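What follows is start.cif (mmCIF, C-alpha atoms).
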```cif
data_input
loop_
_atom_site.group_PDB
_atom_site.id
_atom_site.type_symbol
_atom_site.label_atom_id
_atom_site.label_comp_id
_atom_site.auth_asym_id
_atom_site.auth_seq_id
_atom_site.Cartn_x
_atom_site.Cartn_y
_atom_site.Cartn_z
ATOM 1 C CA MET A 64 212.166 -34.970 -54.537
ATOM 2 C CA PRO A 65 211.296 -38.681 -54.056
ATOM 3 C CA LEU A 66 209.551 -40.422 -56.910
ATOM 4 C CA MET A 67 205.911 -41.144 -55.978
ATOM 5 C CA THR A 68 204.769 -44.607 -57.007
ATOM 6 C CA THR A 69 201.228 -45.905 -56.729
ATOM 7 C CA LYS A 70 201.013 -49.554 -55.789
ATOM 8 C CA GLU A 71 198.425 -51.685 -57.516
ATOM 9 C CA VAL A 72 196.820 -55.067 -57.071
ATOM 10 C CA SER A 73 196.198 -57.416 -59.975
ATOM 11 C CA LEU A 74 193.022 -59.485 -59.632
ATOM 12 C CA ARG A 75 191.727 -62.511 -61.514
ATOM 13 C CA ILE A 76 188.014 -61.938 -62.061
ATOM 14 C CA LEU A 77 185.636 -64.826 -62.736
ATOM 15 C CA CYS A 78 182.128 -64.283 -64.055
ATOM 16 C CA PHE A 79 179.293 -66.747 -64.233
ATOM 17 C CA ALA A 80 175.827 -67.183 -65.687
ATOM 18 C CA GLN A 81 174.098 -63.965 -66.813
ATOM 19 C CA LEU A 82 177.116 -61.844 -65.880
ATOM 20 C CA LYS A 83 179.349 -63.957 -68.084
ATOM 21 C CA ASP A 84 176.840 -63.714 -70.942
ATOM 22 C CA LYS A 85 176.527 -59.947 -70.622
ATOM 23 C CA LEU A 86 180.268 -59.343 -70.361
ATOM 24 C CA GLY A 87 181.088 -61.910 -73.020
ATOM 25 C CA ALA A 88 183.947 -63.272 -70.904
ATOM 26 C CA ALA A 89 184.251 -65.837 -68.147
ATOM 27 C CA GLU A 90 187.605 -64.610 -66.908
ATOM 28 C CA PHE A 91 189.711 -61.473 -67.148
ATOM 29 C CA ARG A 92 192.168 -59.431 -65.100
ATOM 30 C CA VAL A 93 191.571 -56.127 -63.401
ATOM 31 C CA THR A 94 194.188 -53.872 -61.836
ATOM 32 C CA LEU A 95 193.110 -51.595 -59.001
ATOM 33 C CA PRO A 96 194.984 -49.328 -56.583
ATOM 34 C CA GLU A 97 196.292 -51.075 -53.484
ATOM 35 C CA GLY A 98 193.744 -51.000 -50.660
ATOM 36 C CA SER A 99 190.774 -51.356 -53.008
ATOM 37 C CA CYS A 100 187.855 -53.381 -51.707
ATOM 38 C CA GLY A 101 185.017 -55.334 -53.304
ATOM 39 C CA ARG A 102 182.929 -52.193 -53.587
ATOM 40 C CA ASP A 103 185.684 -50.543 -55.604
ATOM 41 C CA LEU A 104 185.800 -53.506 -57.963
ATOM 42 C CA PHE A 105 182.027 -53.276 -58.505
ATOM 43 C CA ALA A 106 182.360 -49.550 -59.196
ATOM 44 C CA HIS A 107 185.169 -50.248 -61.657
ATOM 45 C CA LEU A 108 183.103 -52.848 -63.538
ATOM 46 C CA LEU A 109 180.050 -50.613 -63.511
ATOM 47 C CA GLU A 110 182.001 -47.708 -64.918
ATOM 48 C CA LYS A 111 183.037 -49.854 -67.872
ATOM 49 C CA ASN A 112 179.644 -51.588 -68.242
ATOM 50 C CA PRO A 113 176.810 -49.344 -66.944
ATOM 51 C CA SER A 114 174.160 -51.778 -68.208
ATOM 52 C CA LEU A 115 175.320 -54.317 -65.602
ATOM 53 C CA LYS A 116 173.941 -52.252 -62.728
ATOM 54 C CA PRO A 117 170.704 -54.217 -62.080
ATOM 55 C CA LEU A 118 172.587 -57.506 -62.107
ATOM 56 C CA LEU A 119 175.570 -56.324 -60.070
ATOM 57 C CA GLU A 120 173.235 -54.942 -57.431
ATOM 58 C CA VAL A 121 171.892 -58.417 -56.716
ATOM 59 C CA SER A 122 175.223 -60.223 -57.082
ATOM 60 C CA ARG A 123 177.540 -61.430 -54.351
ATOM 61 C CA LEU A 124 181.285 -61.503 -54.259
ATOM 62 C CA ALA A 125 183.580 -64.412 -53.471
ATOM 63 C CA VAL A 126 187.272 -64.048 -52.813
ATOM 64 C CA ASN A 127 189.357 -67.199 -53.219
ATOM 65 C CA CYS A 128 186.242 -69.412 -53.075
ATOM 66 C CA GLU A 129 184.731 -67.793 -49.940
ATOM 67 C CA TYR A 130 181.823 -65.377 -49.872
ATOM 68 C CA ALA A 131 183.188 -61.970 -48.928
ATOM 69 C CA SER A 132 181.785 -58.621 -47.874
ATOM 70 C CA PHE A 133 182.029 -55.623 -50.166
ATOM 71 C CA ASN A 134 184.323 -54.023 -47.612
ATOM 72 C CA GLN A 135 186.931 -56.745 -47.839
ATOM 73 C CA VAL A 136 190.249 -55.392 -49.025
ATOM 74 C CA LEU A 137 191.462 -57.232 -52.111
ATOM 75 C CA ARG A 138 195.021 -58.524 -52.232
ATOM 76 C CA ASP A 139 197.335 -58.873 -55.182
ATOM 77 C CA GLY A 140 196.653 -62.202 -56.936
ATOM 78 C CA ASP A 141 193.201 -62.724 -55.423
ATOM 79 C CA GLU A 142 190.667 -64.706 -57.417
ATOM 80 C CA VAL A 143 187.450 -62.730 -57.237
ATOM 81 C CA ALA A 144 184.228 -64.321 -58.444
ATOM 82 C CA MET A 145 181.132 -62.323 -59.247
ATOM 83 C CA ILE A 146 178.223 -64.451 -58.112
ATOM 84 C CA PRO A 147 174.848 -63.518 -59.640
ATOM 85 C CA PRO A 148 171.779 -65.013 -57.905
ATOM 86 C CA VAL A 149 172.280 -68.768 -57.775
ATOM 87 C CA SER A 150 169.724 -71.239 -59.110
ATOM 88 C CA GLY A 151 170.957 -74.722 -58.334
ATOM 89 C CA GLY A 152 168.810 -77.591 -57.140
ATOM 90 C CA MET B 1246 184.707 -83.589 -57.820
ATOM 91 C CA ARG B 1247 183.081 -85.070 -54.746
ATOM 92 C CA TYR B 1248 179.576 -83.641 -54.706
ATOM 93 C CA LEU B 1249 179.280 -82.429 -58.287
ATOM 94 C CA THR B 1250 179.031 -84.848 -61.169
ATOM 95 C CA LYS B 1251 178.805 -84.549 -64.921
ATOM 96 C CA GLY B 1252 177.165 -87.936 -65.322
ATOM 97 C CA PRO B 1253 173.623 -89.130 -64.590
ATOM 98 C CA ILE B 1254 172.548 -89.571 -60.973
ATOM 99 C CA HIS B 1255 171.509 -93.079 -59.958
ATOM 100 C CA PRO B 1256 169.582 -93.101 -56.648
ATOM 101 C CA GLU B 1257 170.022 -96.848 -56.306
ATOM 102 C CA SER B 1258 173.760 -96.337 -55.831
ATOM 103 C CA TRP B 1259 173.254 -95.136 -52.271
ATOM 104 C CA HIS B 1260 170.396 -97.575 -51.621
ATOM 105 C CA ARG B 1261 172.832 -100.412 -52.137
ATOM 106 C CA ASP B 1262 175.034 -99.324 -49.235
ATOM 107 C CA SER B 1263 174.630 -101.157 -45.947
ATOM 108 C CA TYR B 1264 171.966 -99.847 -43.607
ATOM 109 C CA ASP B 1265 172.976 -98.495 -40.208
ATOM 110 C CA MET B 1266 171.066 -100.431 -37.526
ATOM 111 C CA ARG B 1267 170.731 -97.286 -35.383
ATOM 112 C CA ASP B 1268 168.575 -95.617 -38.023
ATOM 113 C CA GLY B 1269 164.810 -95.819 -38.320
ATOM 114 C CA ALA B 1270 164.322 -93.143 -40.971
ATOM 115 C CA SER B 1271 165.597 -92.678 -44.487
ATOM 116 C CA VAL B 1272 164.635 -89.570 -46.461
ATOM 117 C CA GLU B 1273 165.563 -88.886 -50.058
ATOM 118 C CA PHE B 1274 165.034 -85.703 -52.055
ATOM 119 C CA LEU B 1275 165.344 -85.737 -55.824
ATOM 120 C CA GLY B 1276 165.372 -82.559 -57.876
ATOM 121 C CA VAL B 1277 164.019 -83.367 -61.346
ATOM 122 C CA VAL B 1278 163.987 -81.182 -64.468
ATOM 123 C CA ARG B 1279 160.414 -80.023 -65.158
ATOM 124 C CA GLY B 1280 158.994 -79.960 -68.652
ATOM 125 C CA LYS B 1281 157.673 -76.430 -68.181
ATOM 126 C CA GLU B 1282 159.018 -73.298 -66.510
ATOM 127 C CA ASN B 1283 156.697 -70.309 -66.171
ATOM 128 C CA GLY B 1284 154.350 -71.790 -68.741
ATOM 129 C CA ARG B 1285 157.110 -72.286 -71.284
ATOM 130 C CA ASN B 1286 158.145 -75.678 -72.605
ATOM 131 C CA ILE B 1287 161.633 -76.806 -71.659
ATOM 132 C CA SER B 1288 163.720 -79.292 -73.564
ATOM 133 C CA PHE B 1289 166.634 -79.307 -71.139
ATOM 134 C CA LEU B 1290 168.481 -77.273 -68.526
ATOM 135 C CA GLU B 1291 172.170 -76.485 -68.545
ATOM 136 C CA TYR B 1292 173.764 -76.252 -65.099
ATOM 137 C CA GLU B 1293 176.952 -74.267 -64.687
ATOM 138 C CA ALA B 1294 178.996 -74.194 -61.477
ATOM 139 C CA TYR B 1295 181.939 -72.423 -59.958
ATOM 140 C CA VAL B 1296 183.235 -75.896 -59.221
ATOM 141 C CA PRO B 1297 185.895 -75.411 -56.509
ATOM 142 C CA MET B 1298 183.694 -73.050 -54.517
ATOM 143 C CA ALA B 1299 180.536 -75.129 -55.009
ATOM 144 C CA GLU B 1300 182.366 -78.179 -53.658
ATOM 145 C CA LYS B 1301 183.599 -76.177 -50.687
ATOM 146 C CA VAL B 1302 180.192 -74.682 -49.865
ATOM 147 C CA ILE B 1303 178.443 -78.062 -50.128
ATOM 148 C CA ALA B 1304 181.098 -79.690 -47.914
ATOM 149 C CA LYS B 1305 180.490 -76.988 -45.308
ATOM 150 C CA LEU B 1306 176.706 -77.510 -45.468
ATOM 151 C CA VAL B 1307 177.179 -81.248 -45.032
ATOM 152 C CA GLU B 1308 179.351 -80.659 -41.956
ATOM 153 C CA GLU B 1309 176.769 -78.267 -40.536
ATOM 154 C CA ALA B 1310 173.947 -80.766 -41.110
ATOM 155 C CA LYS B 1311 175.945 -83.491 -39.401
ATOM 156 C CA LYS B 1312 176.459 -81.250 -36.384
ATOM 157 C CA MET B 1313 172.768 -80.313 -36.189
ATOM 158 C CA TRP B 1314 171.267 -83.807 -36.638
ATOM 159 C CA PRO B 1315 172.488 -87.319 -35.774
ATOM 160 C CA LEU B 1316 173.011 -88.478 -39.359
ATOM 161 C CA HIS B 1317 174.676 -91.814 -39.878
ATOM 162 C CA LYS B 1318 174.494 -91.739 -43.626
ATOM 163 C CA LEU B 1319 174.396 -88.825 -46.045
ATOM 164 C CA TYR B 1320 174.546 -88.967 -49.826
ATOM 165 C CA LEU B 1321 174.551 -85.792 -51.901
ATOM 166 C CA ARG B 1322 175.226 -85.247 -55.593
ATOM 167 C CA HIS B 1323 174.445 -82.300 -57.866
ATOM 168 C CA ARG B 1324 174.711 -82.852 -61.585
ATOM 169 C CA ILE B 1325 176.141 -80.161 -63.852
ATOM 170 C CA GLY B 1326 176.054 -79.810 -67.635
ATOM 171 C CA CYS B 1327 172.975 -80.441 -69.782
ATOM 172 C CA ILE B 1328 170.133 -82.342 -68.147
ATOM 173 C CA GLY B 1329 167.020 -83.413 -70.005
ATOM 174 C CA VAL B 1330 163.420 -83.165 -68.832
ATOM 175 C CA GLY B 1331 162.606 -85.877 -66.315
ATOM 176 C CA GLU B 1332 166.229 -86.420 -65.372
ATOM 177 C CA ILE B 1333 167.597 -85.927 -61.867
ATOM 178 C CA SER B 1334 169.609 -82.774 -61.198
ATOM 179 C CA VAL B 1335 170.211 -83.260 -57.478
ATOM 180 C CA ILE B 1336 169.902 -86.021 -54.914
ATOM 181 C CA ILE B 1337 170.064 -85.719 -51.144
ATOM 182 C CA GLY B 1338 169.709 -88.883 -49.118
ATOM 183 C CA VAL B 1339 169.938 -88.952 -45.344
ATOM 184 C CA GLN B 1340 169.426 -91.579 -42.709
ATOM 185 C CA ALA B 1341 168.865 -90.844 -39.038
ATOM 186 C CA PRO B 1342 167.333 -92.531 -36.006
ATOM 187 C CA HIS B 1343 164.000 -90.670 -36.395
ATOM 188 C CA ARG B 1344 162.003 -89.083 -39.234
ATOM 189 C CA LYS B 1345 162.070 -85.569 -37.787
ATOM 190 C CA GLU B 1346 165.857 -85.529 -37.923
ATOM 191 C CA ALA B 1347 166.012 -87.013 -41.413
ATOM 192 C CA PHE B 1348 163.395 -84.629 -42.837
ATOM 193 C CA GLY B 1349 165.010 -81.668 -41.074
ATOM 194 C CA ALA B 1350 168.477 -82.385 -42.446
ATOM 195 C CA CYS B 1351 167.219 -83.009 -45.974
ATOM 196 C CA GLN B 1352 165.195 -79.791 -45.986
ATOM 197 C CA TYR B 1353 168.130 -77.819 -44.578
ATOM 198 C CA LEU B 1354 170.479 -79.107 -47.247
ATOM 199 C CA ILE B 1355 168.260 -78.475 -50.260
ATOM 200 C CA ASP B 1356 167.242 -75.022 -48.986
ATOM 201 C CA HIS B 1357 170.869 -73.970 -48.581
ATOM 202 C CA ILE B 1358 171.965 -75.527 -51.859
ATOM 203 C CA LYS B 1359 169.389 -73.366 -53.618
ATOM 204 C CA LYS B 1360 170.448 -70.284 -51.679
ATOM 205 C CA ASP B 1361 174.217 -70.457 -51.304
ATOM 206 C CA VAL B 1362 175.902 -72.891 -53.679
ATOM 207 C CA PRO B 1363 177.317 -71.189 -56.799
ATOM 208 C CA ILE B 1364 175.399 -73.202 -59.376
ATOM 209 C CA TRP B 1365 173.252 -71.667 -62.118
ATOM 210 C CA LYS B 1366 170.809 -73.140 -64.535
ATOM 211 C CA LYS B 1367 169.857 -71.932 -67.956
ATOM 212 C CA GLU B 1368 166.675 -73.047 -69.664
ATOM 213 C CA TYR B 1369 166.636 -74.276 -73.220
ATOM 214 C CA GLY B 1370 163.154 -74.486 -74.547
ATOM 215 C CA GLY B 1371 160.882 -76.184 -77.001
ATOM 216 C CA ARG B 1372 161.922 -77.915 -80.168
ATOM 217 C CA THR B 1373 164.447 -75.269 -81.167
ATOM 218 C CA GLY B 1374 166.597 -75.679 -78.077
ATOM 219 C CA LEU B 1375 166.880 -71.900 -77.957
ATOM 220 C CA ALA B 1376 168.218 -70.471 -74.708
ATOM 221 C CA ARG B 1377 165.950 -67.926 -73.091
ATOM 222 C CA GLY B 1378 167.152 -64.415 -73.758
ATOM 223 C CA LEU B 1379 169.980 -65.557 -75.989
ATOM 224 C CA SER B 1380 170.335 -66.295 -79.649
ATOM 225 C CA LYS B 1381 172.784 -69.117 -79.053
ATOM 226 C CA ARG B 1382 171.518 -72.491 -80.217
ATOM 227 C CA LYS B 1383 172.309 -75.598 -78.323
ATOM 228 C CA THR B 1384 170.809 -79.053 -78.422
ATOM 229 C CA LEU B 1385 171.292 -82.053 -76.204
ATOM 230 C CA ALA B 1386 172.663 -84.021 -79.147
ATOM 231 C CA LYS B 1387 175.532 -81.589 -79.512
ATOM 232 C CA THR B 1388 176.542 -81.493 -75.854
#
```
Any chance you could give the structure as structure tokens?
Amino acid sequence: MPLMTTKEVSLRILCFAQLKDKLGAAEFRVTLPEGSCGRDLFAHLLEKNPSLKPLLEVSRLAVNCEYASFNQVLRDGDEVAMIPPVSGG
Amino acid sequence: MRYLTKGPIHPESWHRDSYDMRDGASVEFLGVVRGKENGRNISFLEYEAYVPMAEKVIAKLVEEAKKMWPLHKLYLRHRIGCIGVGEISVIIGVQAPHRKEAFGACQYLIDHIKKDVPIWKKEYGGRTGLARGLSKRKTLAKT
């Protein structure tokens, strides 16, 4: 019987502003099953930090410095930034 | 960093550049740190940015503005770090043949900077320099 292996992707997660303050970290790594998308990453973070829900719901996602949809499949080594509502200017 | 800067913004630096003879309008927007936010006294704001992405998004906005209006000169800087009350946080200067184009481009750029560029500000208030919602103390003298 062949050995079943589950492939994973390792992501570099960046957090800013209120998200960084709430998580207590600006950067960390997350490993998800291959084929995971932005929505899966949000679900993963929410599972570990349920209190983040209101903030995550209004946050955007950027993959490798480009805004991305929650359906975008994440690749191994991607830099994924969680972008809470911006307030520049 | 091209559009972001950690140092003070000096509007006269773009005024000194030569004027394009095709232009009849020059519009400048300055964002300045207010002394009060929602009725609360502010001592300074701290701006944080996702620098590589902020630079990229601003560069894209500048290219879009140049495609939409005939701009012969465009100067844009956003300061990051701690900025005191009365100091400039952002400057957008544009020159175009006519005022409608110059106003339009300037408005477009500041609106999209506020909406899309990954920059965040945190307020530090009053004499204590206490960040809103946090117990962390920070003063301008220490930063």
Listed atoms of stretch 1263-1274 of chain B boxed along x, y and z, 5 Å each side, centre and edge lengths in Å, one decimal, as AutoDock Vina command-line options:
```
--center_x 169.5 --center_y -93.4 --center_z -43.7 --size_x 20.3 --size_y 25.5 --size_z 26.7
```
What are the closest atom pairs, with distances in Å to one decimal, for all residues of chain A lying within 12 Å of chain B? Consider only C-alpha atoms, order rows by chain and residue number, and present the result as a tab-separated table.
```
residue	atom	partner	partner_atom	distance
A:Leu77	CA	B:Tyr1295	CA	8.9
A:Cys78	CA	B:Tyr1295	CA	9.1
A:Phe79	CA	B:Tyr1295	CA	7.6
A:Ala80	CA	B:Trp1365	CA	6.3
A:Gln81	CA	B:Trp1365	CA	9.1
A:Leu82	CA	B:Trp1365	CA	11.2
A:Lys83	CA	B:Glu1293	CA	11.1
A:Asp84	CA	B:Leu1379	CA	8.7
A:Lys85	CA	B:Leu1379	CA	10.2
A:Ala89	CA	B:Tyr1295	CA	10.8
A:Glu90	CA	B:Tyr1295	CA	11.9
A:Ser122	CA	B:Pro1363	CA	11.2
A:Arg123	CA	B:Pro1363	CA	10.1
A:Leu124	CA	B:Pro1363	CA	10.8
A:Ala125	CA	B:Met1298	CA	8.7
A:Val126	CA	B:Met1298	CA	9.8
A:Asn127	CA	B:Met1298	CA	8.2
A:Cys128	CA	B:Met1298	CA	4.7
A:Glu129	CA	B:Met1298	CA	7.0
A:Tyr130	CA	B:Met1298	CA	9.2
A:Glu142	CA	B:Met1298	CA	11.3
A:Val143	CA	B:Met1298	CA	11.3
A:Ala144	CA	B:Tyr1295	CA	8.6
A:Met145	CA	B:Pro1363	CA	10.0
A:Ile146	CA	B:Pro1363	CA	6.9
A:Pro147	CA	B:Pro1363	CA	8.5
A:Pro148	CA	B:Trp1365	CA	8.0
A:Val149	CA	B:Trp1365	CA	5.3
A:Ser150	CA	B:Trp1365	CA	4.7
A:Gly151	CA	B:Ile1364	CA	4.8
A:Gly152	CA	B:Lys1359	CA	5.5
```
Can I get the selected residues back with C-alpha atoms, as a CSV table (one decimal), in the coordinates of the input?
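Written output follows (selection21.csv):
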```csv
chain,number,residue,atom,x,y,z
A,77,LEU,CA,185.6,-64.8,-62.7
A,78,CYS,CA,182.1,-64.3,-64.1
A,79,PHE,CA,179.3,-66.7,-64.2
A,80,ALA,CA,175.8,-67.2,-65.7
A,81,GLN,CA,174.1,-64.0,-66.8
A,82,LEU,CA,177.1,-61.8,-65.9
A,83,LYS,CA,179.3,-64.0,-68.1
A,84,ASP,CA,176.8,-63.7,-70.9
A,85,LYS,CA,176.5,-59.9,-70.6
A,89,ALA,CA,184.3,-65.8,-68.1
A,90,GLU,CA,187.6,-64.6,-66.9
A,122,SER,CA,175.2,-60.2,-57.1
A,123,ARG,CA,177.5,-61.4,-54.4
A,124,LEU,CA,181.3,-61.5,-54.3
A,125,ALA,CA,183.6,-64.4,-53.5
A,126,VAL,CA,187.3,-64.0,-52.8
A,127,ASN,CA,189.4,-67.2,-53.2
A,128,CYS,CA,186.2,-69.4,-53.1
A,129,GLU,CA,184.7,-67.8,-49.9
A,130,TYR,CA,181.8,-65.4,-49.9
A,142,GLU,CA,190.7,-64.7,-57.4
A,143,VAL,CA,187.4,-62.7,-57.2
A,144,ALA,CA,184.2,-64.3,-58.4
A,145,MET,CA,181.1,-62.3,-59.2
A,146,ILE,CA,178.2,-64.5,-58.1
A,147,PRO,CA,174.8,-63.5,-59.6
A,148,PRO,CA,171.8,-65.0,-57.9
A,149,VAL,CA,172.3,-68.8,-57.8
A,150,SER,CA,169.7,-71.2,-59.1
A,151,GLY,CA,171.0,-74.7,-58.3
A,152,GLY,CA,168.8,-77.6,-57.1
```
Name the residues in contact with stretch 1253-1263 of chain B at a cut-off of 12 Å, using only C-alpha atoms, excluding same-chain residues fewer than 3 positions from it; report them as number ranges by chain.
B: 1248-1250, 1266-1268, 1271-1277, 1317-1329, 1331-1340
Closest of B:Ala1310, B:Ile1303, B:Leu1354, B:Ala1341 to B:Met1246 - atom-to-atom distances counting only C-alpha atoms:
B:Ile1303
So which residues touch A:Asp139 within 9 Å, counting all atoms listed in the file, skipping near sequence neighbours fewer than 5 positions away, as a count of residues only?
6
Mind pulling up the distance from atom CA of A:Leu118 to atom CA of A:Phe91?
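Answer for the atom CA of A:Phe91 to atom CA of A:Leu118 separation: 18.3 Å.
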When you count all atoms listed in the file, which of these residues is closest to B:Glu1346: B:Gly1370, B:Val1330, B:Ala1270, B:Leu1306?
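Residue with the minimum atom-to-atom distance to B:Glu1346: B:Ala1270.
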Atom pair atom CA of A:Leu109 / atom CA of A:Ser132: separation (Å)
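Value for the atom CA of A:Leu109-atom CA of A:Ser132 distance: 17.7 Å.
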What is the distance, in Å and to one decimal place, between atom CA of A:Leu86 and atom CA of A:Phe105?
13.4 Å
